[in-house]
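Engineer: Would you mind keeping the following structure in view while I ask a few things?
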Amino acid sequence: QCIVLSLDVKLNEKGKYIVWAQSGKSNTNKEALSWAEEAVHRGAGEILVTSIERDGMREGLDLKLVKLLSSNLLVPVIASGGCGLSKHFVDGYNVGASAIAAGTFFCQRDQNPMQCRSHIHNAGIPIRLEV
């Protein structure tokens, strides 16, 4: 379908979102928005952004990061890292995410994707309910 660029991002001490590599061990010193814009210019069709510090924590997505990318890029942004409640999906969509990726949410909770979809749908966000 398209090329998806995956960004693993951390907020640095200066308040800038920086891309990290090698499972968050190597700082690329590339600012997330600039790198995403370059990747789109090179042909990336979607951006998957993961907040490293929130990933697996179940405390919610980094909404500021999701909004930054989704409001400045012309391609869909897939938000990842932090979903612990169905509400977190709704929050991500409300700031501009085109999709939400979640692993821990479904692995470590008694919640299935259909229940989550229903919650999103009930919040007024158009989502496919059929599987």
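Residues in the structure tokens are named by chain (A, B, ... in the order shown) and by number from 1 within that chain; ligands are numbered from 1 in the order shown.
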Which residues come within 12 Å of Ala21 of chain A, counting only C-alpha atoms, excluding same-chain residues fewer than 2 positions away, as a ChimeraX atom specification?
Structural biologist: /A:6-10,18-19,23-30,50,52
Engineer: For Leu65 of chain A, list every protein, DNA or RNA residue within 10 Å, evaluated using only C-alpha atoms, and leave out those in the same chain fewer than 4 positions away; present the list as a short mmCIF file (atom, residue, chain, number, x, y, z; two decimals) with N, CA, C and O atoms, in the first residue's frame.
Structural biologist:
data_model
loop_
_atom_site.label_atom_id
_atom_site.label_comp_id
_atom_site.auth_asym_id
_atom_site.auth_seq_id
_atom_site.Cartn_x
_atom_site.Cartn_y
_atom_site.Cartn_z
N VAL A 9 10.71 8.28 19.30
CA VAL A 9 10.98 9.67 19.68
C VAL A 9 11.03 9.83 21.19
O VAL A 9 10.26 9.22 21.92
N LYS A 10 11.96 10.69 21.63
CA LYS A 10 12.04 11.11 23.03
C LYS A 10 12.08 12.63 23.07
O LYS A 10 12.66 13.27 22.19
N LEU A 11 11.52 13.19 24.12
CA LEU A 11 11.61 14.62 24.37
C LEU A 11 12.93 14.89 25.09
O LEU A 11 13.22 14.27 26.10
N LYS A 16 12.65 19.54 22.85
CA LYS A 16 12.56 19.17 21.44
C LYS A 16 12.37 17.66 21.33
O LYS A 16 12.95 16.89 22.09
N TYR A 17 11.55 17.27 20.35
CA TYR A 17 11.33 15.85 20.09
C TYR A 17 12.43 15.35 19.16
O TYR A 17 12.58 15.84 18.05
N ALA A 32 12.31 15.37 15.28
CA ALA A 32 11.27 14.48 14.75
C ALA A 32 10.49 15.08 13.59
O ALA A 32 10.31 14.42 12.57
N LEU A 33 10.02 16.30 13.70
CA LEU A 33 9.23 16.89 12.63
C LEU A 33 10.07 17.09 11.37
O LEU A 33 9.63 16.75 10.27
N VAL A 49 4.60 7.04 14.70
CA VAL A 49 5.42 7.68 15.73
C VAL A 49 5.16 7.03 17.08
O VAL A 49 4.02 6.89 17.50
N THR A 50 6.25 6.64 17.72
CA THR A 50 6.17 6.02 19.04
C THR A 50 6.92 6.88 20.04
O THR A 50 8.09 7.20 19.84
N SER A 51 6.23 7.24 21.10
CA SER A 51 6.87 7.94 22.21
C SER A 51 7.57 6.88 23.06
O SER A 51 6.92 6.10 23.75
N LEU A 61 -1.13 8.48 25.23
CA LEU A 61 -0.22 8.89 24.15
C LEU A 61 0.39 10.26 24.46
O LEU A 61 -0.16 11.03 25.25
N LEU A 69 2.99 16.44 14.74
CA LEU A 69 3.21 15.77 13.46
C LEU A 69 1.96 15.81 12.58
O LEU A 69 2.05 16.13 11.39
N SER A 70 0.82 15.48 13.15
CA SER A 70 -0.40 15.39 12.33
C SER A 70 -0.81 16.75 11.77
O SER A 70 -1.38 16.81 10.67
N ALA A 79 -0.29 6.99 15.67
CA ALA A 79 0.25 7.25 17.01
C ALA A 79 0.45 5.95 17.76
O ALA A 79 -0.39 5.06 17.70
N VAL A 95 -6.68 14.68 18.48
CA VAL A 95 -5.60 15.63 18.18
C VAL A 95 -5.04 15.45 16.77
O VAL A 95 -4.09 16.11 16.40
#
Engineer: Taking only C-alpha atoms into account, which of A:Ile47, A:Val90, A:Leu63, A:Val77 comes nearest Gly124 of chain A?
Structural biologist: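 Of the candidates, the smallest distance to Gly124 of chain A is held by A:Val90.
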Engineer: What does the distance from atom CA of Leu129 of chain A to atom CA of Met114 of chain A come to in Å, to one decimal?
Structural biologist: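 Value for the atom CA of Leu129 of chain A-atom CA of Met114 of chain A distance: 7.2 Å.
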Engineer: Point out the residue among A:Glu130, A:Val66, A:Ala44, A:Glu38 with the least atom-to-atom distance to Cys2 of chain A, counting only C-alpha atoms.
Structural biologist: A:Ala44
Engineer: Please provide as a list in words all residues within 7 Å of Glu46 of chain A, with the sequence filter that same-chain residues fewer than 2 positions apart are discarded (counting only C-alpha atoms).
Structural biologist: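 Non-adjacent residues within range: Ile3, Val4, Leu5, Ala44, Leu48, Val75, Pro76 and Val77 of chain A.
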Engineer: So which residues of chain A fall under alpha helix (DSSP H) by DSSP, listed as a PyMOL selection string?
Structural biologist: chain A and resi 32-42+63-72+86-94+104-107+113-122
Engineer: Would you mind listing what lies within 12 Å of Pro126 of chain A as a ChimeraX atom specification, with only C-alpha atoms counted and same-chain residues fewer than 3 positions away left out?
Structural biologist: /A:90,93-94,98-99,117-123,129
Engineer: So, counting only C-alpha atoms, which residue among A:Lys67, A:Glu37, A:Gln115, A:Asp55 is closest to Asp91 of chain A?
Structural biologist: A:Lys67
Engineer: Which residue out of A:Gln22, A:Ser80, A:Ser71, A:Gln111 has the minimum interatomic distance to Met57 of chain A when only C-alpha atoms are used?
Structural biologist: A:Ser80
Engineer: Atom CA of Lys64 of chain A to atom CA of Phe106 of chain A: how many Å, to one decimal?
Structural biologist: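 Taking atom CA of Lys64 of chain A as the start and atom CA of Phe106 of chain A as the end point, the length is 23.6 Å.
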Engineer: Under the rule that only C-alpha atoms are counted, which of A:Ala39, A:Leu74, A:Ala102, A:Cys83 is the nearest residue to Asp62 of chain A?
Structural biologist: A:Cys83
Engineer: Smallest atom-to-atom distance to Gly81 of chain A: which of A:Gly15, A:Ser34, A:Gly96, A:Arg58, using only C-alpha atoms?
Structural biologist: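 Residue with the minimum atom-to-atom distance to Gly81 of chain A: A:Arg58.
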Engineer: Provide the atom CA of Trp20 of chain A to atom CA of Ser86 of chain A distance in Å, to one decimal place.
Structural biologist: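 These two atoms are separated by 27.5 Å.
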